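Structure file structure26.pdb (PDB, C-alpha atoms and all ligand atoms) follows.
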```pdb
MODEL        1
ATOM      1  CA  MET A   1     -27.210  -3.669  81.024
ATOM      2  CA  THR A   2     -26.582  -4.846  84.556
ATOM      3  CA  GLN A   3     -28.400  -8.119  84.059
ATOM      4  CA  ASP A   4     -26.233  -8.993  81.060
ATOM      5  CA  LEU A   5     -22.966  -8.551  82.930
ATOM      6  CA  LEU A   6     -22.840 -12.183  84.101
ATOM      7  CA  SER A   7     -25.542 -13.846  82.046
ATOM      8  CA  GLY A   8     -24.699 -17.437  81.125
ATOM      9  CA  LYS A   9     -22.114 -17.638  83.916
ATOM     10  CA  THR A  10     -22.142 -20.044  86.854
ATOM     11  CA  ALA A  11     -20.755 -18.900  90.192
ATOM     12  CA  LEU A  12     -19.933 -20.852  93.342
ATOM     13  CA  ILE A  13     -19.961 -18.721  96.472
ATOM     14  CA  THR A  14     -18.760 -20.571  99.550
ATOM     15  CA  GLY A  15     -20.320 -19.935 102.952
ATOM     16  CA  CYS A  16     -23.025 -17.767 101.459
ATOM     17  CA  GLY A  17     -26.012 -18.500 103.695
ATOM     18  CA  ARG A  18     -25.832 -15.084 105.333
ATOM     19  CA  GLY A  19     -23.707 -11.946 105.699
ATOM     20  CA  ILE A  20     -21.305 -10.884 102.960
ATOM     21  CA  GLY A  21     -21.638 -14.188 101.074
ATOM     22  CA  LYS A  22     -25.400 -13.880 100.825
ATOM     23  CA  SER A  23     -25.120 -10.375  99.482
ATOM     24  CA  ILE A  24     -22.558 -11.534  96.901
ATOM     25  CA  ALA A  25     -24.785 -14.431  95.802
ATOM     26  CA  LEU A  26     -27.822 -12.179  95.306
ATOM     27  CA  THR A  27     -25.786  -9.484  93.566
ATOM     28  CA  LEU A  28     -24.242 -11.935  91.086
ATOM     29  CA  ALA A  29     -27.670 -13.499  90.497
ATOM     30  CA  ARG A  30     -29.149 -10.051  89.775
ATOM     31  CA  ALA A  31     -26.309  -9.568  87.273
ATOM     32  CA  GLY A  32     -27.443 -12.742  85.493
ATOM     33  CA  ALA A  33     -25.373 -15.573  86.993
ATOM     34  CA  ASP A  34     -26.636 -18.969  88.111
ATOM     35  CA  ILE A  35     -25.485 -19.662  91.637
ATOM     36  CA  VAL A  36     -24.067 -22.649  93.493
ATOM     37  CA  VAL A  37     -25.031 -22.007  97.104
ATOM     38  CA  ASN A  38     -22.636 -23.504  99.654
ATOM     39  CA  ASP A  39     -23.047 -23.249 103.409
ATOM     40  CA  ILE A  40     -22.767 -25.529 106.405
ATOM     41  CA  ASP A  41     -26.354 -24.681 107.342
ATOM     42  CA  GLN A  42     -28.940 -26.369 105.127
ATOM     43  CA  ASP A  43     -31.856 -24.078 106.062
ATOM     44  CA  THR A  44     -30.116 -20.779 105.288
ATOM     45  CA  ALA A  45     -28.785 -22.281 102.043
ATOM     46  CA  GLU A  46     -32.248 -23.467 100.971
ATOM     47  CA  ASN A  47     -33.789 -20.067 101.809
ATOM     48  CA  LEU A  48     -31.181 -18.261  99.735
ATOM     49  CA  ALA A  49     -31.667 -20.684  96.846
ATOM     50  CA  GLY A  50     -35.368 -19.752  96.929
ATOM     51  CA  GLU A  51     -34.511 -16.043  96.674
ATOM     52  CA  ILE A  52     -32.204 -16.747  93.735
ATOM     53  CA  THR A  53     -34.795 -18.743  91.810
ATOM     54  CA  ASP A  54     -37.296 -15.928  92.488
ATOM     55  CA  LEU A  55     -34.863 -13.703  90.568
ATOM     56  CA  GLY A  56     -35.169 -16.074  87.603
ATOM     57  CA  ARG A  57     -31.764 -17.691  88.019
ATOM     58  CA  LYS A  58     -30.850 -21.324  88.681
ATOM     59  CA  ALA A  59     -29.609 -22.273  92.157
ATOM     60  CA  LEU A  60     -27.838 -25.459  93.221
ATOM     61  CA  VAL A  61     -27.519 -26.090  96.959
ATOM     62  CA  CYS A  62     -24.327 -27.894  98.027
ATOM     63  CA  CYS A  63     -24.075 -27.969 101.798
ATOM     64  CA  GLY A  64     -20.873 -28.887 103.579
ATOM     65  CA  SER A  65     -17.651 -27.513 104.983
ATOM     66  CA  VAL A  66     -14.969 -26.179 102.663
ATOM     67  CA  GLY A  67     -12.490 -27.491 105.227
ATOM     68  CA  SER A  68     -13.542 -31.054 104.382
ATOM     69  CA  ARG A  69     -11.992 -32.578 101.271
ATOM     70  CA  THR A  70     -14.917 -35.016 101.037
ATOM     71  CA  ASP A  71     -17.489 -32.198 101.121
ATOM     72  CA  VAL A  72     -15.606 -30.151  98.522
ATOM     73  CA  ASP A  73     -15.287 -33.156  96.203
ATOM     74  CA  ALA A  74     -19.041 -33.772  96.537
ATOM     75  CA  THR A  75     -19.810 -30.119  95.747
ATOM     76  CA  PHE A  76     -17.718 -30.158  92.569
ATOM     77  CA  ALA A  77     -19.216 -33.479  91.448
ATOM     78  CA  LYS A  78     -22.672 -31.866  91.723
ATOM     79  CA  ILE A  79     -21.537 -28.750  89.833
ATOM     80  CA  LYS A  80     -20.107 -30.858  86.991
ATOM     81  CA  ASP A  81     -23.306 -32.869  86.858
ATOM     82  CA  LYS A  82     -25.760 -29.937  86.843
ATOM     83  CA  PHE A  83     -23.941 -27.060  85.157
ATOM     84  CA  LYS A  84     -20.951 -28.707  83.364
ATOM     85  CA  HIS A  85     -19.009 -25.461  83.773
ATOM     86  CA  LEU A  86     -17.913 -23.104  86.563
ATOM     87  CA  ASP A  87     -16.954 -19.573  85.606
ATOM     88  CA  ILE A  88     -16.682 -17.800  88.952
ATOM     89  CA  LEU A  89     -15.466 -19.023  92.343
ATOM     90  CA  VAL A  90     -15.841 -16.720  95.332
ATOM     91  CA  ASN A  91     -14.004 -18.074  98.369
ATOM     92  CA  ASN A  92     -16.056 -16.354 101.021
ATOM     93  CA  ALA A  93     -16.449 -19.014 103.743
ATOM     94  CA  GLY A  94     -14.643 -17.950 106.880
ATOM     95  CA  ILE A  95     -14.818 -18.271 110.635
ATOM     96  CA  THR A  96     -13.318 -16.549 113.664
ATOM     97  CA  ARG A  97     -12.243 -18.083 116.976
ATOM     98  CA  ASP A  98     -10.838 -14.914 118.545
ATOM     99  CA  ASN A  99      -8.648 -15.258 121.614
ATOM    100  CA  MET A 100      -5.516 -13.715 123.056
ATOM    101  CA  LEU A 101      -2.434 -15.726 122.022
ATOM    102  CA  LEU A 102      -1.628 -16.996 125.493
ATOM    103  CA  LYS A 103      -5.152 -18.412 125.824
ATOM    104  CA  MET A 104      -5.534 -19.656 122.251
ATOM    105  CA  THR A 105      -6.066 -23.416 122.024
ATOM    106  CA  ASP A 106      -4.757 -25.756 119.334
ATOM    107  CA  GLN A 107      -8.360 -26.348 118.333
ATOM    108  CA  GLU A 108      -9.057 -22.611 117.842
ATOM    109  CA  TRP A 109      -5.972 -22.377 115.648
ATOM    110  CA  ASP A 110      -6.763 -25.497 113.602
ATOM    111  CA  GLN A 111     -10.460 -24.721 113.048
ATOM    112  CA  VAL A 112      -9.721 -21.268 111.626
ATOM    113  CA  LEU A 113      -6.824 -22.400 109.431
ATOM    114  CA  ASP A 114      -8.784 -25.422 108.153
ATOM    115  CA  VAL A 115     -11.750 -23.379 106.950
ATOM    116  CA  ASN A 116     -10.149 -20.060 106.007
ATOM    117  CA  LEU A 117      -6.978 -21.326 104.342
ATOM    118  CA  LYS A 118      -7.142 -25.045 103.569
ATOM    119  CA  GLY A 119     -10.733 -24.574 102.394
ATOM    120  CA  VAL A 120      -9.580 -21.990  99.853
ATOM    121  CA  PHE A 121      -6.881 -24.388  98.635
ATOM    122  CA  TYR A 122      -9.367 -27.257  98.215
ATOM    123  CA  CYS A 123     -11.871 -25.113  96.328
ATOM    124  CA  ILE A 124      -9.377 -23.406  94.031
ATOM    125  CA  ARG A 125      -7.676 -26.702  93.161
ATOM    126  CA  ALA A 126     -11.000 -28.275  92.211
ATOM    127  CA  ALA A 127     -12.228 -25.174  90.338
ATOM    128  CA  ALA A 128      -8.951 -24.732  88.471
ATOM    129  CA  GLU A 129      -9.351 -28.153  86.852
ATOM    130  CA  MET A 130     -12.653 -27.051  85.319
ATOM    131  CA  MET A 131     -11.444 -23.547  84.491
ATOM    132  CA  LYS A 132      -8.344 -24.892  82.751
ATOM    133  CA  GLU A 133     -10.545 -26.957  80.438
ATOM    134  CA  GLN A 134     -12.746 -23.919  79.742
ATOM    135  CA  ALA A 135      -9.741 -21.582  79.352
ATOM    136  CA  TYR A 136     -11.762 -19.136  81.423
ATOM    137  CA  GLY A 137     -12.280 -18.383  85.080
ATOM    138  CA  LYS A 138     -12.587 -15.713  87.745
ATOM    139  CA  ILE A 139     -11.458 -16.524  91.272
ATOM    140  CA  ILE A 140     -12.090 -14.033  94.049
ATOM    141  CA  ASN A 141     -10.784 -14.702  97.539
ATOM    142  CA  LEU A 142     -12.094 -12.886 100.579
ATOM    143  CA  THR A 143      -9.209 -11.828 102.791
ATOM    144  CA  SER A 144      -9.426  -9.107 105.477
ATOM    145  CA  VAL A 145      -7.959  -5.817 106.622
ATOM    146  CA  THR A 146      -6.759  -7.914 109.565
ATOM    147  CA  ALA A 147      -4.303  -9.672 107.238
ATOM    148  CA  LEU A 148      -2.749  -6.295 106.402
ATOM    149  CA  THR A 149      -2.701  -4.673 109.850
ATOM    150  CA  GLY A 150      -2.961  -7.500 112.384
ATOM    151  CA  ASN A 151      -5.604  -7.333 115.131
ATOM    152  CA  VAL A 152      -5.412  -8.049 118.839
ATOM    153  CA  GLY A 153      -7.044 -11.412 119.551
ATOM    154  CA  GLN A 154      -6.862 -12.670 115.961
ATOM    155  CA  ALA A 155      -3.495 -14.401 115.464
ATOM    156  CA  ASN A 156      -5.224 -17.412 113.885
ATOM    157  CA  TYR A 157      -7.578 -15.379 111.677
ATOM    158  CA  ALA A 158      -4.881 -12.905 110.566
ATOM    159  CA  ALA A 159      -2.510 -15.763 109.708
ATOM    160  CA  SER A 160      -5.198 -17.502 107.652
ATOM    161  CA  LYS A 161      -6.173 -14.341 105.771
ATOM    162  CA  ALA A 162      -2.535 -13.378 105.141
ATOM    163  CA  GLY A 163      -2.085 -16.892 103.766
ATOM    164  CA  VAL A 164      -4.962 -16.236 101.379
ATOM    165  CA  ILE A 165      -3.086 -13.213 100.021
ATOM    166  CA  GLY A 166       0.044 -15.288  99.368
ATOM    167  CA  MET A 167      -2.052 -17.939  97.659
ATOM    168  CA  THR A 168      -3.825 -15.307  95.549
ATOM    169  CA  LYS A 169      -0.585 -13.853  94.194
ATOM    170  CA  THR A 170       0.936 -17.285  93.540
ATOM    171  CA  LEU A 171      -2.121 -18.729  91.816
ATOM    172  CA  ALA A 172      -2.602 -15.587  89.726
ATOM    173  CA  ARG A 173       0.817 -16.389  88.252
ATOM    174  CA  GLU A 174       0.124 -20.134  87.897
ATOM    175  CA  LEU A 175      -3.343 -19.898  86.373
ATOM    176  CA  ALA A 176      -2.872 -16.915  84.041
ATOM    177  CA  ARG A 177      -1.843 -19.305  81.240
ATOM    178  CA  TYR A 178      -5.388 -20.697  81.328
ATOM    179  CA  GLN A 179      -6.981 -17.225  81.208
ATOM    180  CA  VAL A 180      -8.005 -17.554  84.843
ATOM    181  CA  THR A 181      -7.682 -14.451  87.014
ATOM    182  CA  VAL A 182      -7.222 -14.636  90.776
ATOM    183  CA  ASN A 183      -7.804 -11.605  92.986
ATOM    184  CA  ALA A 184      -8.456 -10.909  96.648
ATOM    185  CA  VAL A 185     -10.876  -8.518  98.299
ATOM    186  CA  ALA A 186      -9.954  -7.169 101.722
ATOM    187  CA  PRO A 187     -13.019  -5.932 103.588
ATOM    188  CA  GLY A 188     -12.622  -3.626 106.569
ATOM    189  CA  PHE A 189     -15.192  -3.572 109.345
ATOM    190  CA  ILE A 190     -18.480  -4.754 107.843
ATOM    191  CA  ASP A 191     -21.898  -5.078 109.526
ATOM    192  CA  THR A 192     -22.441  -8.847 109.509
ATOM    193  CA  PRO A 193     -23.346 -11.667 111.901
ATOM    194  CA  MET A 194     -19.576 -12.206 112.304
ATOM    195  CA  THR A 195     -18.933  -8.701 113.649
ATOM    196  CA  ALA A 196     -22.180  -8.633 115.651
ATOM    197  CA  SER A 197     -20.570 -10.718 118.399
ATOM    198  CA  ILE A 198     -17.698  -8.278 119.028
ATOM    199  CA  PRO A 199     -18.146  -6.562 122.401
ATOM    200  CA  ASP A 200     -19.930  -3.197 121.967
ATOM    201  CA  GLU A 201     -17.149  -1.093 123.430
ATOM    202  CA  ILE A 202     -14.596  -2.562 120.995
ATOM    203  CA  LYS A 203     -17.024  -2.136 118.095
ATOM    204  CA  GLN A 204     -17.550   1.563 118.855
ATOM    205  CA  THR A 205     -13.795   2.158 119.026
ATOM    206  CA  ILE A 206     -13.342   0.492 115.644
ATOM    207  CA  VAL A 207     -16.130   2.503 113.961
ATOM    208  CA  ARG A 208     -14.725   5.780 115.392
ATOM    209  CA  GLY A 209     -11.486   4.974 113.529
ATOM    210  CA  ILE A 210     -13.139   4.656 110.103
ATOM    211  CA  PRO A 211     -12.582   7.823 108.003
ATOM    212  CA  LEU A 212     -15.859   7.358 106.088
ATOM    213  CA  GLY A 213     -17.623   7.316 109.461
ATOM    214  CA  ARG A 214     -19.554   4.069 109.230
ATOM    215  CA  ALA A 215     -19.171   0.320 109.165
ATOM    216  CA  GLY A 216     -19.321  -1.133 105.664
ATOM    217  CA  SER A 217     -22.350  -3.023 104.389
ATOM    218  CA  PRO A 218     -22.256  -6.468 102.753
ATOM    219  CA  GLN A 219     -23.449  -4.739  99.570
ATOM    220  CA  ASP A 220     -20.296  -2.569  99.535
ATOM    221  CA  ILE A 221     -18.262  -5.775  99.254
ATOM    222  CA  ALA A 222     -20.647  -7.473  96.823
ATOM    223  CA  ASN A 223     -20.359  -4.551  94.375
ATOM    224  CA  LEU A 224     -16.591  -5.014  94.203
ATOM    225  CA  VAL A 225     -16.882  -8.793  93.846
ATOM    226  CA  LYS A 226     -19.344  -8.299  90.978
ATOM    227  CA  PHE A 227     -16.788  -6.161  89.153
ATOM    228  CA  LEU A 228     -14.012  -8.709  89.715
ATOM    229  CA  SER A 229     -16.348 -11.503  88.534
ATOM    230  CA  SER A 230     -17.060  -9.755  85.257
ATOM    231  CA  ASP A 231     -15.062  -9.160  82.094
ATOM    232  CA  GLU A 232     -14.881  -5.474  83.046
ATOM    233  CA  SER A 233     -11.932  -6.583  85.210
ATOM    234  CA  ALA A 234     -10.378  -8.784  82.499
ATOM    235  CA  TYR A 235      -6.835  -7.388  82.862
ATOM    236  CA  ILE A 236      -6.713  -7.392  86.675
ATOM    237  CA  THR A 237      -5.066 -10.372  88.372
ATOM    238  CA  GLY A 238      -3.015 -11.053  91.490
ATOM    239  CA  GLN A 239      -4.351  -7.964  93.236
ATOM    240  CA  VAL A 240      -5.565  -7.363  96.768
ATOM    241  CA  ILE A 241      -8.257  -4.695  96.657
ATOM    242  CA  SER A 242      -9.314  -3.111  99.926
ATOM    243  CA  CYS A 243     -12.879  -2.017 100.590
ATOM    244  CA  ASN A 244     -12.658  -0.563 104.056
ATOM    245  CA  GLY A 245     -13.947   3.028 104.336
ATOM    246  CA  GLY A 246     -10.347   4.213 104.686
ATOM    247  CA  ILE A 247      -9.655   2.341 107.950
ATOM    248  CA  TYR A 248      -6.353   1.207 106.432
ATOM    249  CA  ILE A 249      -4.846   3.173 103.572
TER     250      ILE A 249
HETATM  251  N1  LIG B 301      -5.723  -3.066 121.216
HETATM  252  C1  LIG B 301      -4.936  -3.094 122.295
HETATM  253  N2  LIG B 301      -5.212  -3.808 123.415
HETATM  254  C2  LIG B 301      -6.320  -4.521 123.415
HETATM  255  C3  LIG B 301      -7.224  -4.531 122.328
HETATM  256  C4  LIG B 301      -6.871  -3.763 121.201
HETATM  257  N3  LIG B 301      -7.653  -3.728 120.098
HETATM  258  N4  LIG B 301      -8.240  -5.339 122.631
HETATM  259  C5  LIG B 301      -8.021  -5.813 123.871
HETATM  260  N5  LIG B 301      -6.869  -5.304 124.338
HETATM  261  C6  LIG B 301      -6.264  -5.526 125.637
HETATM  262  C7  LIG B 301      -7.305  -5.290 126.737
HETATM  263  O1  LIG B 301      -7.354  -3.919 127.088
HETATM  264  C8  LIG B 301      -6.788  -6.155 127.843
HETATM  265  O2  LIG B 301      -5.727  -5.472 128.492
HETATM  266  P1  LIG B 301      -5.487  -5.654 130.075
HETATM  267  O3  LIG B 301      -5.135  -7.111 130.270
HETATM  268  O4  LIG B 301      -4.381  -4.717 130.366
HETATM  269  O5  LIG B 301      -6.799  -5.277 130.717
HETATM  270  C9  LIG B 301      -6.148  -7.337 127.109
HETATM  271  O6  LIG B 301      -5.898  -6.892 125.772
HETATM  272  C10 LIG B 301      -7.069  -8.529 127.073
HETATM  273  O7  LIG B 301      -8.305  -8.145 126.440
HETATM  274  P2  LIG B 301      -9.700  -8.702 126.921
HETATM  275  O8  LIG B 301      -9.916  -8.384 128.369
HETATM  276  O9  LIG B 301     -10.750  -8.272 125.958
HETATM  277  O10 LIG B 301      -9.451 -10.277 126.838
HETATM  278  P3  LIG B 301     -10.511 -11.389 126.708
HETATM  279  O11 LIG B 301      -9.768 -12.661 126.854
HETATM  280  O12 LIG B 301     -11.687 -11.145 127.576
HETATM  281  O13 LIG B 301     -11.057 -11.254 125.183
HETATM  282  C11 LIG B 301     -10.942 -11.199 122.838
HETATM  283  C12 LIG B 301     -10.151 -11.357 124.135
HETATM  284  C13 LIG B 301     -11.899 -12.384 122.698
HETATM  285  C14 LIG B 301      -9.911 -11.260 121.721
HETATM  286  C15 LIG B 301     -11.732  -9.873 122.866
HETATM  287  O14 LIG B 301     -10.836  -8.822 123.183
HETATM  288  C16 LIG B 301     -12.376  -9.564 121.556
HETATM  289  O15 LIG B 301     -13.417 -10.114 121.218
HETATM  290  N6  LIG B 301     -11.764  -8.670 120.775
HETATM  291  C17 LIG B 301     -12.284  -8.297 119.467
HETATM  292  C18 LIG B 301     -11.502  -9.033 118.415
HETATM  293  C19 LIG B 301     -11.900  -8.483 117.075
HETATM  294  O16 LIG B 301     -11.700  -7.308 116.776
HETATM  295  N7  LIG B 301     -12.425  -9.355 116.207
HETATM  296  C20 LIG B 301     -12.836  -8.944 114.912
HETATM  297  C21 LIG B 301     -13.942  -9.863 114.476
HETATM  298  S1  LIG B 301     -14.631  -9.346 112.953
HETATM  299  C22 LIG B 301     -13.676 -10.036 111.828
HETATM  300  O17 LIG B 301     -12.786 -10.762 112.086
HETATM  301  C23 LIG B 301     -13.977  -9.675 110.422
HETATM  302  C24 LIG B 301     -12.839  -9.001 109.817
HETATM  303  O18 LIG B 301     -12.318  -9.490 108.800
HETATM  304  C25 LIG B 301     -12.364  -7.687 110.333
ENDMDL
END
```
Could you quickly redo this structure as structure tokens?
Ligand code: CAA
Amino acid sequence: MTQDLLSGKTALITGCGRGIGKSIALTLARAGADIVVNDIDQDTAENLAGEITDLGRKALVCCGSVGSRTDVDATFAKIKDKFKHLDILVNNAGITRDNMLLKMTDQEWDQVLDVNLKGVFYCIRAAAEMMKEQAYGKIINLTSVTALTGNVGQANYAASKAGVIGMTKTLARELARYQVTVNAVAPGFIDTPMTASIPDEIKQTIVRGIPLGRAGSPQDIANLVKFLSSDESAYITGQVISCNGGIYI
């Protein structure tokens, strides 16, 4: 039964107020998990928490930036207090500050690396402490096709997402002894608020290059994350799994 897949589990999904993260949060909740909702925007987080409780699951809102050590520490203190355990961590929070290299500022570089890479480090380190005690955990990191192919205007983003892949493979080796799996999901071009701001002409060129003939949906990604969050993927660790309509094979 779908609802039993994750029943009794607690999942933290970072940056899940909208887009792919929101879809993941609702999908895991429908599969039975209680959800820790993290986002920098309080209103979107509260709205999502309402949708989760409507599904009959518990929701804990922890707003803040994953790039802030203080915010991450506060989130994990709340998780320990309310749920006592954390079974699933989905590192979804991510930002873009696209610019051509010669125009890219130090700030654009730092902002993207702080959220997309250091944020993943902060969250995994805090989660791993709990998961080690439980001798159980599922960590899923959102990387990107951009990490595998590169993309004009995204030196900062591609570097951060490639870093996530290196971290995934390393931590899969380190945390296996605690029965914690660590995998990465590499979405292709997905219809989200993040891709909505790409100039139309560029967007059309990208979609024309997708063999399956369409942009992906957040649900396409959430379905894969659900599998990697469940015991159906018990023997999979250290992998980067693409979900990209064939845009990069
Ligand atoms: N391939 C080759 N050349 C390209 C190119 C591409 N994909 N995109 C732009 N160029 C070229 C342009 O033709 C232009 O060439 P000329 O100077 O000869 O005219 C040059 O690069 C500069 O491009 P722009 O005029 O567009 O430069 P800009 O400073 O106005 O804008 C930009 C730069 C902000 C990076 C803009 O090009 C842009 O928004 N690009 C889209 C970036 C993108 O794909 N982002 C993905 C976001 S979604 C996401 O990140 C999720 C995920 O995981 C995939």
- Evaluate the PyMOL selection byres (((chain A and resi 193) around 12) and not hetatm) and record the selected residues as a PyMOL selection string, following the chain and residue labels used in the document. chain A and resi 17-22+94-96+189-192+194-198+217-218
- Selection result for the PyMOL selection byres (((chain A and resi 31) around 9) and not hetatm) on this file, as a PyMOL selection string: chain A and resi 1-7+26-30+32-33+226
Go through the shown structure with the PyMOL selection byres (((chain A and resi 11) around 9) and not hetatm) and write out the matching residues as a short mmCIF file (atom, residue, chain, number, x, y, z; two decimals) with C-alpha atoms, in the coordinates of the input.
```cif
data_model
loop_
_atom_site.label_atom_id
_atom_site.label_comp_id
_atom_site.auth_asym_id
_atom_site.auth_seq_id
_atom_site.Cartn_x
_atom_site.Cartn_y
_atom_site.Cartn_z
CA LYS A 9 -22.11 -17.64 83.92
CA THR A 10 -22.14 -20.04 86.85
CA LEU A 12 -19.93 -20.85 93.34
CA ILE A 13 -19.96 -18.72 96.47
CA ALA A 25 -24.78 -14.43 95.80
CA LEU A 28 -24.24 -11.94 91.09
CA ALA A 29 -27.67 -13.50 90.50
CA ALA A 33 -25.37 -15.57 86.99
CA ASP A 34 -26.64 -18.97 88.11
CA ILE A 35 -25.48 -19.66 91.64
CA VAL A 36 -24.07 -22.65 93.49
CA VAL A 37 -25.03 -22.01 97.10
CA LEU A 86 -17.91 -23.10 86.56
CA ASP A 87 -16.95 -19.57 85.61
CA ILE A 88 -16.68 -17.80 88.95
CA LEU A 89 -15.47 -19.02 92.34
CA VAL A 90 -15.84 -16.72 95.33
CA SER A 229 -16.35 -11.50 88.53
#
```
- Query: Which residue gives the smallest distance to ligand LIG 301 (chain B) among A:Gly119, A:Gly50, A:Gly166, A:Pro187, with all atoms listed in the file counted?
  - Reply: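 Closest residue, counting all atoms listed in the file: A:Pro187.
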- Distance of atom CA of Gly238 of chain A from atom CA of Val182 of chain A, expressed in Å to one decimal place: 5.6 Å
Could you produce a table of the residues of segment 163-233 of chain A lying within 10 Å of segment 145-159 of chain A, with the nearest pair of atoms per residue and their separation in Å rounded to one decimal, using all atoms listed in the file, ordered by chain and increasing residue number, as JSON lines?
```
{"residue": "A:Gly163", "atom": "CA", "partner": "A:Ala159", "partner_atom": "CA", "distance": 6.1}
{"residue": "A:Val164", "atom": "CA", "partner": "A:Ala159", "partner_atom": "CA", "distance": 8.7}
{"residue": "A:Ile165", "atom": "CA", "partner": "A:Ala147", "partner_atom": "CA", "distance": 8.1}
{"residue": "A:Val185", "atom": "CA", "partner": "A:Val145", "partner_atom": "CA", "distance": 9.2}
{"residue": "A:Ala186", "atom": "CA", "partner": "A:Val145", "partner_atom": "CA", "distance": 5.5}
{"residue": "A:Pro187", "atom": "CA", "partner": "A:Val145", "partner_atom": "CA", "distance": 5.9}
{"residue": "A:Gly188", "atom": "CA", "partner": "A:Val145", "partner_atom": "CA", "distance": 5.2}
{"residue": "A:Phe189", "atom": "CA", "partner": "A:Val145", "partner_atom": "CA", "distance": 8.0}
```
Same residues, C-alpha atoms, output as a CSV table (one decimal), keeping the file's coordinate frame:
```
chain,number,residue,atom,x,y,z
A,163,GLY,CA,-2.1,-16.9,103.8
A,164,VAL,CA,-5.0,-16.2,101.4
A,165,ILE,CA,-3.1,-13.2,100.0
A,185,VAL,CA,-10.9,-8.5,98.3
A,186,ALA,CA,-10.0,-7.2,101.7
A,187,PRO,CA,-13.0,-5.9,103.6
A,188,GLY,CA,-12.6,-3.6,106.6
A,189,PHE,CA,-15.2,-3.6,109.3
```
- Out of A:Ile40, A:Met100, A:Ile241, A:Ile139, which residue has the shortest atom-to-atom distance to ligand LIG 301 (chain B) when counting only C-alpha atoms and all ligand atoms? A:Met100
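Candidate residues A:Leu224, A:Ala77, A:Met104, A:Cys16 were compared for distance to ligand LIG 301 (chain B), and the nearest is A:Met104, using all atoms listed in the file.
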Box for segment 125-142 of chain A: with edges along x, y and z, all listed atoms inside and 5 Å added on each side, what are the centre and edge lengths in Å to one decimal, as AutoDock Vina command-line options?
```
--center_x -10.2 --center_y -20.6 --center_z 90.0 --size_x 15.1 --size_y 25.4 --size_z 31.2
```
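For Cys62 of chain A, the list of residues within 10 Å, based on only C-alpha atoms and with local chain neighbours fewer than 3 positions off taken out, reads Leu12, Thr14, Val36, Val37, Asn38, Asp39, Ile40, Gln42, Ala45, Glu46, Ala59, Ser65, Asp71, Val72, Ala74, Thr75, Phe76, Lys78 and Ile79 of chain A.
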What does the file look like for those residues with C-alpha atoms, as a PDB file, in the coordinates of the input?
```
ATOM      1  CA  LEU A  12     -19.933 -20.852  93.342  1.00  0.00           C
ATOM      2  CA  THR A  14     -18.760 -20.571  99.550  1.00  0.00           C
ATOM      3  CA  VAL A  36     -24.067 -22.649  93.493  1.00  0.00           C
ATOM      4  CA  VAL A  37     -25.031 -22.007  97.104  1.00  0.00           C
ATOM      5  CA  ASN A  38     -22.636 -23.504  99.654  1.00  0.00           C
ATOM      6  CA  ASP A  39     -23.047 -23.249 103.409  1.00  0.00           C
ATOM      7  CA  ILE A  40     -22.767 -25.529 106.405  1.00  0.00           C
ATOM      8  CA  GLN A  42     -28.940 -26.369 105.127  1.00  0.00           C
ATOM      9  CA  ALA A  45     -28.785 -22.281 102.043  1.00  0.00           C
ATOM     10  CA  GLU A  46     -32.248 -23.467 100.971  1.00  0.00           C
ATOM     11  CA  ALA A  59     -29.609 -22.273  92.157  1.00  0.00           C
ATOM     12  CA  SER A  65     -17.651 -27.513 104.983  1.00  0.00           C
ATOM     13  CA  ASP A  71     -17.489 -32.198 101.121  1.00  0.00           C
ATOM     14  CA  VAL A  72     -15.606 -30.151  98.522  1.00  0.00           C
ATOM     15  CA  ALA A  74     -19.041 -33.772  96.537  1.00  0.00           C
ATOM     16  CA  THR A  75     -19.810 -30.119  95.747  1.00  0.00           C
ATOM     17  CA  PHE A  76     -17.718 -30.158  92.569  1.00  0.00           C
ATOM     18  CA  LYS A  78     -22.672 -31.866  91.723  1.00  0.00           C
ATOM     19  CA  ILE A  79     -21.537 -28.750  89.833  1.00  0.00           C
TER      20      ILE A  79
END
```
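Here the question is which of A:Arg177, A:Lys138, A:Lys82, A:Lys103 gets nearest to ligand LIG 301 (chain B) using all atoms listed in the file, and that residue is A:Lys103.
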